[in-house]
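Since the structure comes first, as structure tokens, the remarks are kept for the end.
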Amino acid sequence: MRQVGGFTMYNPNAPLANLDDLREAYKVIQECSFCVRTPMVHRAQDWLRLTRLSCDLSLKLENTQPTGSFKVRGLANQLKHIPQDVANNEKEVITMSAGNYGKAFSFAMQKMGLRARVLMPETAPEDRERIMKGYGSNVERMPSRELQPSVDRYVSTQGMHYLHPFDDYNLICGYGSAGFEILEEVSDPDVIVVCCGGGGLLAGLAAAVKLSGKTNTRIYGVEPEQACCMYQSKQAGHPVEDPTVHSVASGLAPPFAGSNTFRHVQAFVEDILLLTEEEIISAVSQLFYAGIVVEPAGAAAFAALVSGKVPDVAGKKVVAVITGGNVTPRELCQLVKPL
């Protein structure tokens, strides 16, 4: 496989993404058969009747990707850098995920005809497991604390190739493609708001925007108050772990912050904003009644805006990234508030 500045194995101490690697990754995403350029809704404050929102709001709809979330962007670039023996299907590829990354991973592995294994926390919804198995992945459930040791064991004893679900250098560069697409439609955004789980999307998008010369653009990550490892890491000055995290936005609740994503957040992100569970659920309802089906994690950036958590947006050009729409009708019935 072609090597363009990235790594073929997960490196927890990778350098910050550079503009050449980010641009090369953007070309990969543009040429990828399972990624699309997602639409941007301009002047969304008018369409959503947000009379109290005084900014010019654009929504980047990553929920329209083929697997319902932004995750395929990072995967496309990860797969561009896998070793030749993995590309030849001589080794099984393994990852760990509770949802969207595992779905995108399984989808991409099927497209490429590669053997795949997903380790899931036992608390993950059963429908996510069925979807991954439907794409042909082997799926194993286990307590969250056993996920990383089990990955390490499979890699060391069976020679599997590990794709990290959020902290990989090539993944981060792939996510930069969303930042480039935003700049092609909103050339000088004042503010960009992005949800933060493991931080891969936030890291890559922020790097692409800031390294493109938009140093005055303020970029904010958004986390649930009950699952805020990146916020805690930013306060502590180093990546932290918190095995007690939980949130209705399960996609934003990894038990630790990635070391690579943390360094990107430190370099390119202004701040991490925190949301209550009620603020996230309210945003899901508001978007649903406007015709946009969004999972709680996918609504977080929008929630931060409408709840007044993003500072100094009056009269500014603001972009909020809607990151995922993988939510079942049953889950929506539990989340959406009646009018």
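Chain labels follow the order of the structure tokens: the first chain is A, the next B, and so on; residue numbering restarts at 1 in every chain, and ligands are counted from 1 in their shown order.
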Considering only C-alpha atoms, return as a CSV table (one decimal) with C-alpha atoms, in the first residue's frame whatever protein or nucleic-acid residues lie within 9 Å of Leu114 in chain A, sequence-local ones (same chain, fewer than 6 positions apart) excluded.
chain,number,residue,atom,x,y,z
A,86,VAL,CA,-3.4,-7.0,5.4
A,87,ALA,CA,-4.6,-5.7,2.0
A,88,ASN,CA,-4.0,-9.3,0.7
A,89,ASN,CA,-6.3,-10.6,3.5
A,90,GLU,CA,-3.5,-12.5,5.1
A,91,LYS,CA,-4.3,-11.0,8.5
A,92,GLU,CA,-7.6,-10.3,10.2
A,93,VAL,CA,-8.3,-6.6,11.1
A,108,ALA,CA,-15.6,-0.8,4.8
### Message
Could you go through range 30-263 of chain A and tell me which residues DSSP, when run on the backbone, assigns to alpha helix (DSSP H), listing them as an MDAnalysis selection string?
### Response
chainID A and resid 30:31 44:47 71:80 84:87 100:112 126:134 147:158 169:185 200:211 229:236 259:263
### Long-range neighbours of Gln226 in chain A as a ChimeraX atom specification, 7 Å cut-off, only C-alpha atoms, 3 positions minimum in chain
/A:245-247
Write out the residues from the selection above, keeping C-alpha atoms, as a short mmCIF file (atom, residue, chain, number, x, y, z; two decimals), in the first residue's frame.
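out-v3.cif written:
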data_model
loop_
_atom_site.label_atom_id
_atom_site.label_comp_id
_atom_site.auth_asym_id
_atom_site.auth_seq_id
_atom_site.Cartn_x
_atom_site.Cartn_y
_atom_site.Cartn_z
CA VAL A 245 -18.41 8.01 32.14
CA HIS A 246 -21.95 7.55 30.80
CA SER A 247 -24.32 9.61 28.72
#
Per residue of range 156-179 of chain A within 12 Å of range 115-135 of chain A, what are the shortest atom pair and its distance in Å to one decimal, counting only C-alpha atoms, with rows by chain and residue number, as CSV?
residue,atom,partner,partner_atom,distance
A:Met160,CA,A:Arg117,CA,9.3
A:His161,CA,A:Ala116,CA,9.5
A:Tyr162,CA,A:Arg117,CA,9.7
A:Leu163,CA,A:Val118,CA,10.2
A:His164,CA,A:Val118,CA,11.1
A:Pro165,CA,A:Val118,CA,10.4
### Task
Name the residues in contact with Gly298 in chain A at a cut-off of 9 Å, using only C-alpha atoms, excluding same-chain residues fewer than 4 positions from it; report them as a VMD selection string.
chain A and resid 62 to 63 69 195 249 251 284 294 302 321 to 326
Would you save the residues of that selection, restricted to N, CA, C and O atoms, as a JSON list (two decimals), in the first residue's frame?
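The result, stored in again.json:
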[["chain", "number", "residue", "atom", "x", "y", "z"],
["A", 62, "GLU", "N", -23.11, 15.47, 8.34],
["A", 62, "GLU", "CA", -22.35, 14.22, 8.24],
["A", 62, "GLU", "C", -23.22, 12.99, 8.49],
["A", 62, "GLU", "O", -22.79, 11.86, 8.24],
["A", 63, "ASN", "N", -24.44, 13.20, 8.96],
["A", 63, "ASN", "CA", -25.38, 12.07, 9.11],
["A", 63, "ASN", "C", -25.83, 11.52, 7.77],
["A", 63, "ASN", "O", -26.48, 10.48, 7.71],
["A", 69, "SER", "N", -22.75, 8.28, 9.55],
["A", 69, "SER", "CA", -21.89, 9.12, 10.38],
["A", 69, "SER", "C", -20.60, 9.43, 9.65],
["A", 69, "SER", "O", -20.28, 8.84, 8.62],
["A", 195, "CYS", "N", -18.72, 18.00, 17.89],
["A", 195, "CYS", "CA", -18.79, 17.13, 19.06],
["A", 195, "CYS", "C", -17.44, 16.46, 19.30],
["A", 195, "CYS", "O", -16.60, 16.36, 18.40],
["A", 249, "ALA", "N", -25.71, 10.33, 25.07],
["A", 249, "ALA", "CA", -24.89, 10.43, 23.85],
["A", 249, "ALA", "C", -23.74, 9.43, 23.98],
["A", 249, "ALA", "O", -22.59, 9.79, 24.23],
["A", 251, "GLY", "N", -22.02, 7.78, 21.95],
["A", 251, "GLY", "CA", -20.89, 7.96, 21.05],
["A", 251, "GLY", "C", -19.88, 8.98, 21.54],
["A", 251, "GLY", "O", -18.79, 9.09, 20.99],
["A", 284, "VAL", "N", -31.99, 16.96, 19.99],
["A", 284, "VAL", "CA", -32.46, 15.85, 19.15],
["A", 284, "VAL", "C", -33.91, 16.09, 18.75],
["A", 284, "VAL", "O", -34.30, 15.91, 17.59],
["A", 294, "VAL", "N", -31.32, 12.66, 13.98],
["A", 294, "VAL", "CA", -29.97, 12.74, 14.51],
["A", 294, "VAL", "C", -29.91, 11.99, 15.83],
["A", 294, "VAL", "O", -30.82, 12.08, 16.66],
["A", 302, "PHE", "N", -24.94, 21.28, 17.70],
["A", 302, "PHE", "CA", -26.15, 22.11, 17.59],
["A", 302, "PHE", "C", -26.69, 22.44, 18.98],
["A", 302, "PHE", "O", -27.09, 23.58, 19.25],
["A", 321, "VAL", "N", -21.39, 21.00, 13.14],
["A", 321, "VAL", "CA", -21.31, 19.72, 12.44],
["A", 321, "VAL", "C", -22.30, 18.74, 13.06],
["A", 321, "VAL", "O", -22.21, 18.43, 14.26],
["A", 322, "ILE", "N", -23.25, 18.28, 12.24],
["A", 322, "ILE", "CA", -24.18, 17.23, 12.65],
["A", 322, "ILE", "C", -23.52, 15.91, 12.29],
["A", 322, "ILE", "O", -23.39, 15.57, 11.11],
["A", 323, "THR", "N", -23.09, 15.15, 13.29],
["A", 323, "THR", "CA", -22.13, 14.09, 13.03],
["A", 323, "THR", "C", -22.71, 12.71, 12.78],
["A", 323, "THR", "O", -22.03, 11.86, 12.20],
["A", 324, "GLY", "N", -23.95, 12.43, 13.21],
["A", 324, "GLY", "CA", -24.46, 11.09, 13.00],
["A", 324, "GLY", "C", -25.96, 10.98, 13.17],
["A", 324, "GLY", "O", -26.57, 11.72, 13.96],
["A", 325, "GLY", "N", -26.56, 10.05, 12.43],
["A", 325, "GLY", "CA", -27.99, 9.82, 12.50],
["A", 325, "GLY", "C", -28.36, 8.38, 12.78],
["A", 325, "GLY", "O", -29.43, 7.92, 12.40],
["A", 326, "ASN", "N", -27.46, 7.64, 13.45],
["A", 326, "ASN", "CA", -27.71, 6.22, 13.72],
["A", 326, "ASN", "C", -28.50, 6.06, 15.01],
["A", 326, "ASN", "O", -27.95, 5.83, 16.09]]
### Message
Counting only C-alpha atoms, which residue out of A:Val293, A:Gln148, A:Leu273, A:Gly113 sits closest to Gln232 in chain A?
### Response
A:Leu273
At a cut-off of 7 Å, can you tabulate as a tab-separated table every residue of range 257-325 of chain A near range 202-205 of chain A together with its closest atom pair and the distance in Å to one decimal, using only C-alpha atoms and ordering rows by chain then number?
residue	atom	partner	partner_atom	distance
A:Thr261	CA	A:Ala203	CA	5.5
A:His264	CA	A:Ala203	CA	5.2
A:Val265	CA	A:Ala203	CA	5.7
Now that the selection is made, can you save its residues with N, CA and C atoms as an mmCIF file, in the first residue's frame?
data_model
loop_
_atom_site.group_PDB
_atom_site.id
_atom_site.type_symbol
_atom_site.label_atom_id
_atom_site.label_comp_id
_atom_site.auth_asym_id
_atom_site.auth_seq_id
_atom_site.Cartn_x
_atom_site.Cartn_y
_atom_site.Cartn_z
ATOM 1 N N THR A 261 -5.159 12.622 19.841
ATOM 2 C CA THR A 261 -6.233 13.610 19.709
ATOM 3 C C THR A 261 -6.065 14.725 20.737
ATOM 4 N N HIS A 264 -3.663 17.345 19.491
ATOM 5 C CA HIS A 264 -4.276 18.177 18.452
ATOM 6 C C HIS A 264 -5.255 19.189 19.060
ATOM 7 N N VAL A 265 -6.023 18.731 20.043
ATOM 8 C CA VAL A 265 -6.955 19.641 20.714
ATOM 9 C C VAL A 265 -6.189 20.762 21.406
#
### Task
May I have the residues within 8 Å of Pro239 in chain A as an MDAnalysis selection string, using only C-alpha atoms and disregarding those fewer than 5 positions away in the same chain?
chainID A and resid 229:230 232:234 256:259 262
Proximity check range 70-184 of chain A to range 37-48 of chain A, 10 Å, nearest pairs one decimal Å, only C-alpha atoms, as a tab-separated table:
residue	atom	partner	partner_atom	distance
A:Phe70	CA	A:Thr38	CA	9.3
A:Arg73	CA	A:Arg37	CA	9.9
A:Ser177	CA	A:Arg37	CA	9.3
A:Ala178	CA	A:Arg37	CA	8.5
A:Glu181	CA	A:Arg37	CA	7.6
A:Ile182	CA	A:Met40	CA	7.9
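Take CA of Asn216 in chain A and CA of His238 in chain A: the distance between them is 25.0 Å.
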Which residues come within 7 Å of Ala320 in chain A, counting only C-alpha atoms, excluding same-chain residues fewer than 6 positions away, as an mmCIF file with N, CA, C and O atoms, in the first residue's frame?
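For reference, around-v7.cif as written:
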data_model
loop_
_atom_site.group_PDB
_atom_site.id
_atom_site.type_symbol
_atom_site.label_atom_id
_atom_site.label_comp_id
_atom_site.auth_asym_id
_atom_site.auth_seq_id
_atom_site.Cartn_x
_atom_site.Cartn_y
_atom_site.Cartn_z
ATOM 1 N N SER A 58 -24.633 27.653 9.631
ATOM 2 C CA SER A 58 -24.605 26.597 8.617
ATOM 3 C C SER A 58 -24.455 25.257 9.325
ATOM 4 O O SER A 58 -23.724 25.146 10.312
ATOM 5 N N LEU A 59 -25.143 24.241 8.809
ATOM 6 C CA LEU A 59 -25.060 22.897 9.370
ATOM 7 C C LEU A 59 -24.395 21.969 8.369
ATOM 8 O O LEU A 59 -24.832 21.863 7.221
ATOM 9 N N LYS A 60 -23.333 21.309 8.780
ATOM 10 C CA LYS A 60 -22.647 20.313 7.968
ATOM 11 C C LYS A 60 -23.242 18.949 8.314
ATOM 12 O O LYS A 60 -23.089 18.460 9.445
ATOM 13 N N ILE A 192 -16.506 27.304 14.470
ATOM 14 C CA ILE A 192 -16.919 25.954 14.090
ATOM 15 C C ILE A 192 -17.091 25.158 15.374
ATOM 16 O O ILE A 192 -16.227 25.179 16.253
ATOM 17 N N VAL A 193 -18.216 24.447 15.470
ATOM 18 C CA VAL A 193 -18.535 23.671 16.668
ATOM 19 C C VAL A 193 -18.643 22.202 16.278
ATOM 20 O O VAL A 193 -19.344 21.850 15.322
ATOM 21 N N VAL A 194 -17.938 21.336 17.010
ATOM 22 C CA VAL A 194 -17.828 19.912 16.676
ATOM 23 C C VAL A 194 -17.964 19.089 17.950
ATOM 24 O O VAL A 194 -17.382 19.444 18.979
ATOM 25 N N ALA A 301 -23.171 19.437 18.839
ATOM 26 C CA ALA A 301 -22.695 20.757 18.429
ATOM 27 C C ALA A 301 -23.857 21.739 18.309
ATOM 28 O O ALA A 301 -23.773 22.895 18.756
ATOM 29 N N PHE A 302 -24.943 21.281 17.702
ATOM 30 C CA PHE A 302 -26.145 22.114 17.591
ATOM 31 C C PHE A 302 -26.689 22.439 18.977
ATOM 32 O O PHE A 302 -27.091 23.582 19.246
#
### Task
Go through A:Leu16, A:Val72, A:Leu305, A:Ala207 and flag the residue nearest Phe180 in chain A, using only C-alpha atoms for the distances.
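Smallest separation from Phe180 in chain A among the options: A:Ala207.
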### Query
Can you list, as a PyMOL selection string, every protein, DNA or RNA residue that comes within 9 Å of Leu211 in chain A when you count only C-alpha atoms, leaving out same-chain residues fewer than 3 positions away?
chain A and resi 18-19+206-208+214-215+268
Please produce a file of those selected residues containing C-alpha atoms, as a JSON list (two decimals), in the first residue's frame.
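The file below, again13.json, is the result:
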[["chain", "number", "residue", "atom", "x", "y", "z"],
["A", 18, "ASN", "CA", 0.71, 18.46, 8.73],
["A", 19, "LEU", "CA", -0.95, 20.17, 5.78],
["A", 206, "ALA", "CA", -9.42, 21.67, 13.57],
["A", 207, "ALA", "CA", -5.96, 20.90, 12.16],
["A", 208, "ALA", "CA", -7.19, 21.22, 8.57],
["A", 214, "LYS", "CA", -7.80, 30.27, 9.29],
["A", 215, "THR", "CA", -6.03, 31.01, 12.54],
["A", 268, "PHE", "CA", -5.84, 23.75, 17.44]]
### Task
Can you list, as an NGL selection string, all residues belonging to range 75-215 of chain A that DSSP tags as strand (DSSP E)?
:A and (93-96 or 116-121 or 138-142 or 161-162 or 191-195)
